[in-house]
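What's in query33.csv: CSV, C-alpha atoms
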```
chain,number,residue,atom,x,y,z
A,311,MET,CA,12.0,-7.5,-13.9
A,312,LYS,CA,12.2,-4.1,-12.1
A,313,ARG,CA,8.8,-4.6,-10.6
A,314,LEU,CA,9.9,-8.0,-9.2
A,315,LEU,CA,13.0,-6.5,-7.7
A,316,SER,CA,11.0,-3.6,-6.3
A,317,ALA,CA,8.7,-6.0,-4.5
A,318,ALA,CA,11.7,-7.9,-3.1
A,319,PHE,CA,13.4,-4.7,-1.9
A,320,ALA,CA,10.1,-3.3,-0.5
A,321,VAL,CA,10.4,-4.6,3.1
A,322,LEU,CA,7.4,-2.4,3.9
A,323,PHE,CA,6.5,-2.1,7.5
A,324,THR,CA,3.6,-0.1,8.8
A,325,VAL,CA,1.4,-0.3,11.9
A,326,ASN,CA,-2.1,-0.9,13.2
A,327,ALA,CA,-4.6,0.3,15.8
A,328,ALA,CA,-5.9,-3.1,17.0
A,329,PHE,CA,-5.3,-4.2,20.5
A,330,ALA,CA,-3.0,-7.1,21.5
A,331,ALA,CA,-1.9,-8.1,25.0
A,332,PRO,CA,0.6,-8.0,26.6
A,333,ASN,CA,2.3,-5.0,24.9
A,334,PRO,CA,5.9,-5.9,24.3
A,335,PHE,CA,6.8,-2.2,23.8
A,336,ASN,CA,6.3,-1.5,27.5
A,337,VAL,CA,4.6,1.8,26.8
A,338,SER,CA,2.2,3.4,29.2
A,339,ASP,CA,-1.5,2.8,28.7
A,340,GLU,CA,-1.9,6.5,27.9
A,341,LEU,CA,0.8,6.5,25.2
A,342,ASP,CA,-0.5,3.2,23.8
A,343,GLU,CA,-3.9,4.8,23.4
A,344,ARG,CA,-2.5,7.8,21.6
A,345,ILE,CA,-0.4,5.6,19.3
A,346,ARG,CA,-3.5,3.6,18.4
A,347,ALA,CA,-5.6,6.7,17.8
A,348,GLY,CA,-3.0,8.0,15.4
A,349,LEU,CA,-2.9,4.7,13.6
A,350,ASN,CA,-6.7,4.4,13.5
A,351,ALA,CA,-6.8,7.8,11.7
A,352,LEU,CA,-4.0,6.7,9.4
A,353,TYR,CA,-6.0,3.6,8.2
A,354,ASN,CA,-9.1,5.8,7.6
A,355,LEU,CA,-6.8,8.0,5.4
A,356,GLU,CA,-7.2,10.9,7.9
A,357,PHE,CA,-3.6,11.9,7.4
A,358,ASP,CA,-3.8,15.3,8.9
A,359,GLN,CA,-5.4,14.0,12.1
A,360,ALA,CA,-2.9,11.1,12.3
A,361,GLU,CA,0.1,13.5,11.8
A,362,LYS,CA,-1.3,15.9,14.5
A,363,ILE,CA,-1.5,13.0,17.0
A,364,PHE,CA,2.0,11.8,16.4
A,365,ILE,CA,3.5,15.3,16.6
A,366,GLU,CA,1.7,15.8,19.9
A,367,ILE,CA,3.4,12.7,21.4
A,368,LYS,CA,6.7,13.3,19.7
A,369,PRO,CA,8.5,14.1,23.0
A,370,HIS,CA,8.2,10.4,23.8
A,371,ALA,CA,10.2,9.4,20.6
A,372,GLU,CA,13.6,9.2,22.2
A,373,GLU,CA,12.3,6.7,24.8
A,374,HIS,CA,10.0,4.9,22.4
A,375,PRO,CA,11.0,5.0,18.7
A,376,MET,CA,7.6,3.6,17.9
A,377,VAL,CA,6.3,7.2,18.1
A,378,ALA,CA,8.8,8.3,15.5
A,379,PHE,CA,8.0,5.3,13.4
A,380,GLY,CA,4.3,6.1,13.6
A,381,LEU,CA,4.9,9.6,12.2
A,382,THR,CA,7.1,8.2,9.5
A,383,SER,CA,4.3,5.8,8.6
A,384,VAL,CA,1.9,8.6,8.2
A,385,HIS,CA,4.2,10.3,5.7
A,386,TRP,CA,4.8,7.0,3.9
A,387,TRP,CA,1.2,6.1,3.6
A,388,ARG,CA,0.4,9.6,2.2
A,389,LEU,CA,3.0,9.0,-0.4
A,390,SER,CA,2.1,5.4,-1.1
A,391,VAL,CA,-1.7,5.7,-1.2
A,392,TYR,CA,-1.5,8.6,-3.6
A,393,VAL,CA,1.5,7.1,-5.5
A,394,LEU,CA,3.6,10.2,-5.1
A,395,GLU,CA,7.0,8.6,-4.3
A,396,ASN,CA,8.5,10.1,-7.5
A,397,ASP,CA,7.5,13.6,-6.4
A,398,ALA,CA,10.5,15.3,-4.7
A,399,GLU,CA,8.4,17.9,-2.9
A,400,GLU,CA,5.9,15.5,-1.6
A,401,SER,CA,8.6,13.1,-0.5
A,402,ALA,CA,10.6,15.6,1.5
A,403,PRO,CA,8.6,15.2,4.8
A,404,PHE,CA,8.9,11.5,4.6
A,405,LEU,CA,12.6,11.5,4.0
A,406,LYS,CA,13.1,13.9,6.9
A,407,SER,CA,11.0,11.8,9.2
A,408,VAL,CA,12.5,8.5,8.3
A,409,GLU,CA,16.0,9.7,9.0
A,410,GLU,CA,14.9,10.9,12.4
A,411,CYS,CA,13.3,7.6,13.1
A,412,ILE,CA,16.5,5.8,12.2
A,413,ARG,CA,18.4,8.1,14.5
A,414,VAL,CA,16.3,7.5,17.6
A,415,SER,CA,16.1,3.8,16.9
A,416,LYS,CA,19.9,3.5,16.6
A,417,ALA,CA,20.2,5.4,19.9
A,418,MET,CA,18.0,2.9,21.7
A,419,VAL,CA,19.9,-0.1,20.2
A,420,ALA,CA,23.2,1.5,21.3
A,421,LYS,CA,21.9,1.8,24.9
A,422,GLY,CA,20.8,-1.8,25.0
A,423,ASP,CA,17.4,-2.8,23.4
A,424,LYS,CA,15.8,-5.4,25.7
A,425,THR,CA,12.3,-5.0,24.3
A,426,GLY,CA,13.4,-5.1,20.6
A,427,GLU,CA,11.6,-1.9,19.9
A,428,GLY,CA,14.8,-0.1,18.7
A,429,TYR,CA,15.6,-2.9,16.3
A,430,LEU,CA,12.0,-3.2,15.1
A,431,CYS,CA,11.7,0.5,14.3
A,432,LEU,CA,15.2,0.6,12.8
A,433,GLY,CA,14.3,-2.3,10.5
A,434,GLY,CA,10.9,-0.8,9.7
A,435,ALA,CA,12.4,2.6,8.9
A,436,GLU,CA,15.1,1.1,6.7
A,437,GLY,CA,12.4,-1.0,4.9
A,438,LEU,CA,10.3,2.1,4.1
A,439,LEU,CA,13.4,4.0,2.9
A,440,GLY,CA,14.3,1.1,0.8
A,441,ARG,CA,10.8,1.0,-0.7
A,442,TRP,CA,11.1,4.7,-1.5
A,443,GLN,CA,14.5,4.2,-3.2
A,444,ALA,CA,13.1,1.3,-5.2
A,445,ALA,CA,10.2,3.4,-6.4
A,446,ASN,CA,12.7,5.9,-7.6
A,447,ARG,CA,14.8,3.3,-9.3
A,448,LYS,CA,17.7,3.5,-6.9
A,449,TRP,CA,18.1,-0.3,-7.0
A,450,MET,CA,21.4,-0.9,-5.2
A,451,PRO,CA,20.7,1.5,-2.2
A,452,ALA,CA,17.2,-0.2,-2.0
A,453,TYR,CA,18.8,-3.6,-2.0
A,454,PHE,CA,21.2,-2.8,0.8
A,455,LYS,CA,18.5,-1.1,2.9
A,456,GLY,CA,16.2,-4.1,2.4
A,457,LYS,CA,18.9,-6.5,3.5
A,458,SER,CA,19.8,-4.4,6.5
A,459,ALA,CA,16.1,-4.1,7.5
A,460,TYR,CA,15.7,-7.9,7.4
A,461,LYS,CA,18.7,-8.3,9.7
A,462,HIS,CA,17.4,-5.8,12.2
A,463,LEU,CA,14.0,-7.3,12.3
A,464,ARG,CA,15.6,-10.7,13.1
A,465,SER,CA,17.5,-8.9,15.9
A,466,ALA,CA,14.2,-7.6,17.3
A,467,LEU,CA,12.9,-11.2,17.7
A,468,ARG,CA,16.2,-12.3,19.2
A,469,ALA,CA,16.0,-9.5,21.7
A,470,ASN,CA,12.3,-10.3,22.4
A,471,PRO,CA,10.6,-13.3,21.0
A,472,GLU,CA,7.2,-11.7,21.7
A,473,MET,CA,7.9,-8.8,19.3
A,474,TYR,CA,5.6,-10.4,16.8
A,475,ASP,CA,5.3,-7.2,14.8
A,476,ALA,CA,8.7,-8.0,13.3
A,477,ASN,CA,7.2,-11.0,11.5
A,478,MET,CA,5.4,-8.7,9.1
A,479,GLY,CA,8.6,-7.4,7.4
A,480,LEU,CA,10.2,-10.8,7.6
A,481,GLY,CA,7.1,-12.4,6.0
A,482,ILE,CA,7.0,-9.9,3.2
A,483,PHE,CA,10.7,-10.6,2.4
A,484,ASP,CA,10.4,-14.3,2.7
A,485,TYR,CA,7.3,-14.5,0.5
A,486,TYR,CA,8.3,-12.2,-2.3
A,487,VAL,CA,11.9,-13.4,-2.6
A,488,ALA,CA,10.5,-16.9,-3.1
A,489,THR,CA,8.4,-15.6,-6.1
A,490,LEU,CA,11.5,-14.2,-7.9
A,491,PRO,CA,13.1,-16.1,-10.8
A,492,SER,CA,16.0,-18.1,-9.6
A,493,PHE,CA,18.6,-16.2,-11.6
A,494,VAL,CA,17.4,-12.9,-10.0
A,495,ARG,CA,17.7,-14.4,-6.6
A,496,VAL,CA,21.3,-15.4,-7.4
A,497,LEU,CA,22.2,-11.9,-8.7
A,498,ALA,CA,20.3,-9.9,-6.1
A,499,PHE,CA,20.2,-12.1,-3.0
A,500,VAL,CA,23.2,-14.3,-3.3
A,501,GLY,CA,21.1,-17.3,-4.0
A,502,GLN,CA,18.7,-16.8,-1.1
A,503,SER,CA,15.6,-18.8,-1.9
A,504,GLY,CA,13.0,-17.3,0.3
A,505,ASN,CA,10.0,-19.5,1.4
A,506,LYS,CA,6.4,-18.6,0.4
A,507,GLN,CA,4.8,-20.7,3.1
A,508,LYS,CA,7.1,-19.3,5.8
A,509,GLY,CA,6.4,-15.8,4.6
A,510,LEU,CA,2.6,-16.4,4.8
A,511,ASP,CA,3.0,-18.0,8.2
A,512,GLU,CA,5.0,-14.9,9.4
A,513,LEU,CA,2.4,-12.5,8.0
A,514,HIS,CA,-0.4,-14.5,9.7
A,515,SER,CA,1.6,-14.4,13.0
A,516,ALA,CA,1.9,-10.6,12.8
A,517,GLY,CA,-1.8,-10.3,11.8
A,518,ALA,CA,-3.0,-12.4,14.7
A,519,ASP,CA,-0.6,-11.5,17.5
A,520,GLY,CA,1.1,-8.3,16.5
A,521,THR,CA,0.7,-5.2,18.7
A,522,TYR,CA,0.8,-2.5,16.0
A,523,ALA,CA,1.4,-4.5,12.9
A,524,ARG,CA,-1.9,-6.3,12.5
A,525,THR,CA,-3.7,-4.3,9.9
A,526,PRO,CA,-0.8,-3.9,7.4
A,527,SER,CA,0.0,-7.6,7.7
A,528,LEU,CA,-3.6,-8.4,6.8
A,529,LEU,CA,-3.5,-5.9,4.0
A,530,PHE,CA,-0.5,-7.7,2.5
A,531,LEU,CA,-2.2,-11.0,2.9
A,532,VAL,CA,-5.2,-9.5,1.0
A,533,ASN,CA,-3.0,-8.6,-1.9
A,534,ILE,CA,-1.1,-11.9,-1.9
A,535,TYR,CA,-4.3,-14.1,-1.8
A,536,SER,CA,-6.1,-11.9,-4.3
A,537,SER,CA,-3.4,-11.2,-6.9
A,538,LEU,CA,-0.7,-13.9,-6.5
A,539,GLU,CA,-2.3,-16.9,-4.9
A,540,ASN,CA,-5.7,-16.6,-6.5
A,541,GLN,CA,-7.6,-17.5,-3.4
A,542,PRO,CA,-10.7,-15.2,-3.4
A,543,ASP,CA,-12.3,-16.9,-0.4
A,544,LYS,CA,-9.4,-16.0,1.9
A,545,THR,CA,-9.3,-12.5,0.3
A,546,PHE,CA,-12.9,-11.6,1.0
A,547,ALA,CA,-12.8,-13.2,4.5
A,548,LEU,CA,-9.8,-10.9,5.4
A,549,LEU,CA,-11.5,-7.9,3.8
A,550,ALA,CA,-14.7,-8.5,5.8
A,551,ASP,CA,-12.7,-8.5,9.1
A,552,LEU,CA,-10.9,-5.3,8.1
A,553,LYS,CA,-14.2,-3.6,7.2
A,554,LYS,CA,-15.5,-4.4,10.7
A,555,GLU,CA,-12.5,-2.7,12.2
A,556,TYR,CA,-12.5,0.3,9.8
A,557,PRO,CA,-16.1,0.7,8.7
A,558,HIS,CA,-15.4,4.3,7.4
A,559,SER,CA,-12.2,3.6,5.5
A,560,PRO,CA,-12.3,4.4,1.8
A,561,PHE,CA,-9.0,2.6,1.4
A,562,ILE,CA,-10.5,-0.8,2.7
A,563,GLN,CA,-13.6,-0.4,0.5
A,564,MET,CA,-11.6,0.4,-2.6
A,565,LEU,CA,-9.5,-2.7,-2.0
A,566,LYS,CA,-12.7,-4.7,-1.9
A,567,ILE,CA,-13.8,-3.2,-5.2
A,568,VAL,CA,-10.5,-4.2,-6.8
A,569,ALA,CA,-10.8,-7.7,-5.5
A,570,LEU,CA,-14.4,-7.9,-6.7
A,571,TYR,CA,-13.3,-6.8,-10.2
A,572,ASN,CA,-10.7,-9.5,-10.3
A,573,HIS,CA,-12.9,-12.4,-8.9
A,574,GLN,CA,-16.6,-11.7,-8.9
A,575,PRO,CA,-19.5,-11.0,-11.3
A,576,VAL,CA,-20.3,-7.5,-12.6
A,577,ASP,CA,-23.4,-7.0,-10.4
A,578,GLU,CA,-21.3,-7.4,-7.2
A,579,ILE,CA,-18.8,-4.8,-8.4
A,580,ALA,CA,-21.7,-2.4,-9.3
A,581,ALA,CA,-23.3,-2.8,-5.8
A,582,GLU,CA,-20.1,-2.1,-4.0
A,583,ALA,CA,-19.3,0.9,-6.3
A,584,ALA,CA,-22.8,2.3,-5.6
A,585,ASP,CA,-22.2,2.0,-1.9
A,586,PHE,CA,-18.9,3.8,-2.3
A,587,GLN,CA,-20.7,6.6,-4.2
A,588,LYS,CA,-23.3,6.8,-1.4
A,589,ASN,CA,-20.5,7.1,1.2
A,590,VAL,CA,-19.2,10.1,-0.7
A,591,ALA,CA,-22.6,11.7,-1.2
A,592,ASP,CA,-23.6,11.4,2.5
A,593,GLY,CA,-20.3,12.7,3.8
A,594,THR,CA,-19.0,9.4,5.2
A,595,TYR,CA,-16.1,9.9,2.9
A,596,LYS,CA,-14.6,13.3,2.1
A,597,PRO,CA,-15.4,15.0,-1.2
A,598,PHE,CA,-11.8,14.2,-2.3
A,599,PHE,CA,-12.9,10.6,-2.8
A,600,ALA,CA,-15.5,11.4,-5.4
A,601,THR,CA,-12.9,10.6,-8.1
A,602,GLN,CA,-12.4,7.1,-6.7
A,603,GLY,CA,-16.2,6.7,-6.5
A,604,GLN,CA,-16.7,7.6,-10.2
A,605,PHE,CA,-13.7,5.3,-11.2
A,606,ALA,CA,-15.3,2.4,-9.2
A,607,GLU,CA,-18.6,2.9,-10.9
A,608,GLY,CA,-16.9,3.1,-14.3
A,609,LEU,CA,-15.1,-0.2,-13.6
A,610,ALA,CA,-18.5,-2.0,-13.3
A,611,HIS,CA,-19.6,-0.7,-16.6
A,612,PHE,CA,-16.2,-1.4,-18.1
A,613,LYS,CA,-16.2,-5.0,-17.1
A,614,GLY,CA,-19.8,-5.2,-18.3
A,615,HIS,CA,-18.7,-3.9,-21.8
A,616,GLU,CA,-21.0,-0.8,-21.4
A,617,TRP,CA,-18.4,1.4,-23.0
A,618,ASP,CA,-20.4,4.6,-23.2
A,619,LYS,CA,-21.4,4.5,-19.6
A,620,ALA,CA,-17.9,3.6,-18.5
A,621,GLU,CA,-16.3,6.4,-20.5
A,622,LYS,CA,-18.8,8.8,-18.9
A,623,ASN,CA,-17.8,7.7,-15.4
A,624,PHE,CA,-14.1,7.9,-16.1
A,625,ASP,CA,-14.6,11.4,-17.6
A,626,ASN,CA,-16.5,12.4,-14.4
A,627,ALA,CA,-13.6,11.0,-12.3
A,628,VAL,CA,-11.2,13.3,-14.1
A,629,ARG,CA,-13.6,16.3,-14.0
A,630,VAL,CA,-14.0,16.2,-10.2
A,631,GLY,CA,-10.4,15.3,-9.4
A,632,THR,CA,-6.8,16.6,-9.5
A,633,VAL,CA,-3.6,15.1,-10.7
A,634,LYS,CA,-2.5,14.5,-7.1
A,635,ASP,CA,-5.0,11.6,-7.0
A,636,PRO,CA,-3.7,8.4,-8.7
A,637,PHE,CA,-7.3,7.6,-9.7
A,638,PHE,CA,-7.3,10.8,-11.8
A,639,THR,CA,-4.4,9.2,-13.8
A,640,TRP,CA,-6.0,5.8,-14.0
A,641,ALA,CA,-9.4,7.2,-15.0
A,642,THR,CA,-7.6,9.1,-17.8
A,643,LEU,CA,-6.0,5.8,-18.9
A,644,TYR,CA,-9.2,3.8,-18.8
A,645,LYS,CA,-11.1,6.5,-20.6
A,646,GLY,CA,-8.7,6.1,-23.4
A,647,TYR,CA,-9.4,2.3,-23.4
A,648,CYS,CA,-13.1,3.0,-23.8
A,649,LEU,CA,-12.6,5.5,-26.6
A,650,ASP,CA,-10.4,3.0,-28.4
A,651,ILE,CA,-13.1,0.4,-28.3
A,652,LEU,CA,-15.7,3.0,-29.4
A,653,GLY,CA,-13.6,3.6,-32.5
A,654,GLN,CA,-12.5,7.1,-31.4
A,655,ARG,CA,-8.8,6.5,-31.8
A,656,GLU,CA,-7.7,10.1,-32.1
A,657,GLU,CA,-9.4,11.0,-28.8
A,658,ALA,CA,-8.0,7.8,-27.2
A,659,VAL,CA,-4.5,8.8,-28.2
A,660,LYS,CA,-5.0,12.2,-26.5
A,661,GLN,CA,-5.8,10.4,-23.3
A,662,TYR,CA,-2.7,8.2,-23.4
A,663,LYS,CA,-0.5,11.2,-24.1
A,664,GLU,CA,-2.2,13.0,-21.1
A,665,VAL,CA,-1.2,10.0,-18.9
A,666,LEU,CA,2.4,10.4,-20.0
A,667,SER,CA,2.3,14.1,-18.8
A,668,HIS,CA,1.4,13.0,-15.3
A,669,ILE,CA,3.8,11.8,-12.6
A,670,ARG,CA,4.7,8.1,-13.1
A,671,ARG,CA,2.3,5.9,-11.2
A,672,TRP,CA,2.9,2.1,-11.2
A,673,GLY,CA,2.3,0.8,-14.7
A,674,ALA,CA,0.3,3.7,-16.0
A,675,HIS,CA,3.1,5.1,-18.2
A,676,ASP,CA,4.0,1.7,-19.6
A,677,ASN,CA,0.3,0.9,-20.4
A,678,ALA,CA,-0.2,4.3,-22.0
A,679,GLU,CA,2.9,3.9,-24.2
A,680,LEU,CA,1.7,0.4,-25.2
A,681,ARG,CA,-1.7,1.7,-26.3
A,682,LEU,CA,-0.1,4.5,-28.3
A,683,LYS,CA,1.4,1.7,-30.4
A,684,LYS,CA,-1.5,-0.8,-30.2
A,685,PRO,CA,-5.2,0.2,-29.7
A,686,PHE,CA,-7.0,-1.3,-26.7
A,687,THR,CA,-9.5,-4.0,-27.7
A,688,GLU,CA,-12.2,-6.1,-26.0
A,689,ASN,CA,-9.8,-9.1,-25.9
A,690,ASP,CA,-7.2,-7.4,-23.6
A,691,LYS,CA,-6.5,-8.7,-20.1
A,692,GLU,CA,-7.6,-5.5,-18.4
A,693,LEU,CA,-11.2,-6.6,-18.9
A,694,THR,CA,-10.7,-9.6,-16.5
A,695,LYS,CA,-8.0,-8.2,-14.1
A,696,LEU,CA,-7.6,-4.7,-13.0
A,697,ILE,CA,-4.1,-3.5,-14.0
A,698,LEU,CA,-2.9,-0.3,-12.5
```

Translate this structure into structure tokens?
Amino acid sequence: MKRLLSAAFAVLFTVNAAFAAPNPFNVSDELDERIRAGLNALYNLEFDQAEKIFIEIKPHAEEHPMVAFGLTSVHWWRLSVYVLENDAEESAPFLKSVEECIRVSKAMVAKGDKTGEGYLCLGGAEGLLGRWQAANRKWMPAYFKGKSAYKHLRSALRANPEMYDANMGLGIFDYYVATLPSFVRVLAFVGQSGNKQKGLDELHSAGADGTYARTPSLLFLVNIYSSLENQPDKTFALLADLKKEYPHSPFIQMLKIVALYNHQPVDEIAAEAADFQKNVADGTYKPFFATQGQFAEGLAHFKGHEWDKAEKNFDNAVRVGTVKDPFFTWATLYKGYCLDILGQREEAVKQYKEVLSHIRRWGAHDNAELRLKKPFTENDKELTKLIL
């Protein structure tokens, strides 16, 4: 239930580095180029570089809140990718940045927002703040932030019908609200029904015609088509396009590995995992991503019921990583699964207890608590669908 509410409250809104013309933000070519450079670094998980670029252009934020929103997006992605929303220290830069983005966006709206940029960034910032609140189980503040974000994104389109970026946040809301049980919609959204097809159409609109919202719109579509709509053909077509745009992004490649695990045979997972490992070894990806590479290789062995090999990879993932990496936590959990199947219950229990000592990351705590009560077996659903 809480996860469903979290999805509905999470009017996530981030930005992309692909070109679209004309630019409804009316920014100069030079500023547009710098924004796109920062976003390109962001989607390659080069967070320090992305932050540096947006700080350099920060003097433009009063005139163009998109700059402030870009910096807020960097801080959000750092939290979201590494699942650190529950870490107060790690969250501090994001919370400071999002409040500044809200301030400059409201100032533009107050002056008269002909382009819709102020409304767009205000809705986007509120959506991200609502997502953070939901991740920290602040359900009512998250609900009101999400509702306000939706209203401001609608205002952005009324001010400028060509502000297609607004369709991303609207599409997420419309799609996910439609997936909620009816009684939840009545309680949380005063009966608002949402509309799955409308949400998909809005996301496709932002993905095709958006100025800075193309990539995140496509990423949401990847998740929807892979996890919720069970349409792997559309999933892999989108991933192929994203890979062309971001050939050096470990984030995009890991998304593909997850989709392969859920939809394709073991040999395809193994081949992609081997390629990820090669990218770490040859320096295409930073050494930090060695944990993800070991986890990916372990997944291929895990789905192939090669428990000893999988356990070794998951153990390697832990050995080369740190608790700041979510794959460190997930490798610990999956190592426990392997140990359970191998009949080493006492050692498996140690792994589950170790997971509970880490920061809460998605369903890791819930899964660990379940396995403390009931050992993992070869019949459990994690062998056919990756559950993190």

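Minimum atom-to-atom distance to Asp618 of chain A, evaluated using only C-alpha atoms, belongs to A:Asp650 out of A:Asp650, A:Glu472, A:Glu340, A:Glu512.
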
Surrounding residues of segment 410-426 of chain A excluding itself and chain neighbours under 5 positions, 6 Å, only C-alpha atoms, as a tab-separated table (two decimals) with C-alpha atoms, keeping the file's coordinate frame:
```
chain	number	residue	atom	x	y	z
A	372	GLU	CA	13.60	9.20	22.20
A	375	PRO	CA	11.00	5.00	18.70
A	378	ALA	CA	8.80	8.30	15.50
A	379	PHE	CA	8.00	5.30	13.40
A	432	LEU	CA	15.20	0.60	12.80
A	466	ALA	CA	14.20	-7.60	17.30
A	469	ALA	CA	16.00	-9.50	21.70
A	470	ASN	CA	12.30	-10.30	22.40
```

Q) Could you name the residues that touch Val337 of chain A at 10 Å or less, counting all atoms listed in the file, but leaving out those on the same chain fewer than 4 positions away, as number ranges by chain? A) A: 333, 341-343, 345, 370, 373-374, 376

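Checking A:Ser383, A:Gln604, A:Ser390, A:Asn336 one by one against Glu436 of chain A, counting only C-alpha atoms, you find the shortest gap at A:Ser383.
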
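Across A:Tyr571, A:Tyr662, A:Phe605, A:Tyr429, the tightest approach to Asp635 of chain A is made by A:Phe605 when counting all atoms listed in the file.
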
(Q) Please determine, counting only C-alpha atoms, which residue among A:Tyr353, A:Phe638, A:Phe612, A:Tyr485 has the shortest atom-to-atom distance to Thr694 of chain A. (A)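 Checking each candidate against Thr694 of chain A, we get A:Phe612 as the closest.
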
Q.
Excluding segment 448-464 of chain A and its own-chain neighbours fewer than 5 positions away, which residues fall within 7 Å of it when counting only C-alpha atoms? Please give them as number ranges by chain.
A. A: 319-321, 429-430, 432-434, 436-437, 440-441, 443, 476, 480

Q | Gap from atom CA of Pro597 of chain A to atom CA of Asn677 of chain A - Å, one decimal | A |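 Pair atom CA of Pro597 of chain A / atom CA of Asn677 of chain A returns 28.5 Å.
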
Q. For the atom pair atom CA of Pro542 of chain A and atom CA of Gln574 of chain A, what is the interatomic distance in Å to one decimal place?
A.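 We find that atom CA of Pro542 of chain A and atom CA of Gln574 of chain A lie 8.8 Å from each other.
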
Q. What gap, in Å, lies between atom CA of Ser536 of chain A and atom CA of His573 of chain A?
A.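 Computed distance, atom CA of Ser536 of chain A to atom CA of His573 of chain A, equals 8.2 Å.
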
(Q) Could you list, as number ranges by chain, every residue within 10 Å of Lys695 of chain A, counting all atoms listed in the file and ignoring same-chain residues fewer than 6 positions away? (A) A: 537, 568-573, 613

(Q) My list of candidates is A:Gly603, A:Pro334, A:Pro526, A:Gly631. Which is closest to Gln563 of chain A when distances are computed with all atoms listed in the file? (A)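 That would be A:Gly603, the residue with the smallest distance to Gln563 of chain A.
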
(Q) Using only C-alpha atoms, which protein or nucleic acid residues come within 12 Å of Thr601 of chain A? Drop anything in the same chain fewer than 4 positions from it, and give the result as a VMD selection string. (A) chain A and resid 560 564 583 586 to 587 590 to 591 595 to 597 605 to 608 623 to 642

Q.
Every residue with an atom at most 7 Å from (-3.3, 2.7, -14.3) (file coordinates; all atoms listed in the file) is what I'm after, so could you write them as a ChimeraX atom specification?
A. /A:639-640,643,672-674,697-698

Keeping C-alpha atoms for every residue in the selection just given, could you write it to a file as a PDB file, in the frame of the given file?
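Saved as selection19.pdb:
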```
ATOM      1  CA  THR A 639      -4.400   9.200 -13.800  1.00  0.00           C
ATOM      2  CA  TRP A 640      -6.000   5.800 -14.000  1.00  0.00           C
ATOM      3  CA  LEU A 643      -6.000   5.800 -18.900  1.00  0.00           C
ATOM      4  CA  TRP A 672       2.900   2.100 -11.200  1.00  0.00           C
ATOM      5  CA  GLY A 673       2.300   0.800 -14.700  1.00  0.00           C
ATOM      6  CA  ALA A 674       0.300   3.700 -16.000  1.00  0.00           C
ATOM      7  CA  ILE A 697      -4.100  -3.500 -14.000  1.00  0.00           C
ATOM      8  CA  LEU A 698      -2.900  -0.300 -12.500  1.00  0.00           C
TER       9      LEU A 698
END
```

Q: May I have the protein, DNA and RNA residues with any atom at most 12 Å from the point (10.8, 14.7, -6.6), counting all atoms listed in the file, written as a list of chain:residue names?
A: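 I get A:Leu389, A:Leu394, A:Glu395, A:Asn396, A:Asp397, A:Ala398, A:Glu399, A:Glu400, A:Ser401, A:Ala402, A:Pro403, A:Phe404, A:Leu405, A:Trp442, A:Gln443, A:Ala445, A:Asn446, A:Ile669, A:Arg670 for the residues within 12 Å of that point.
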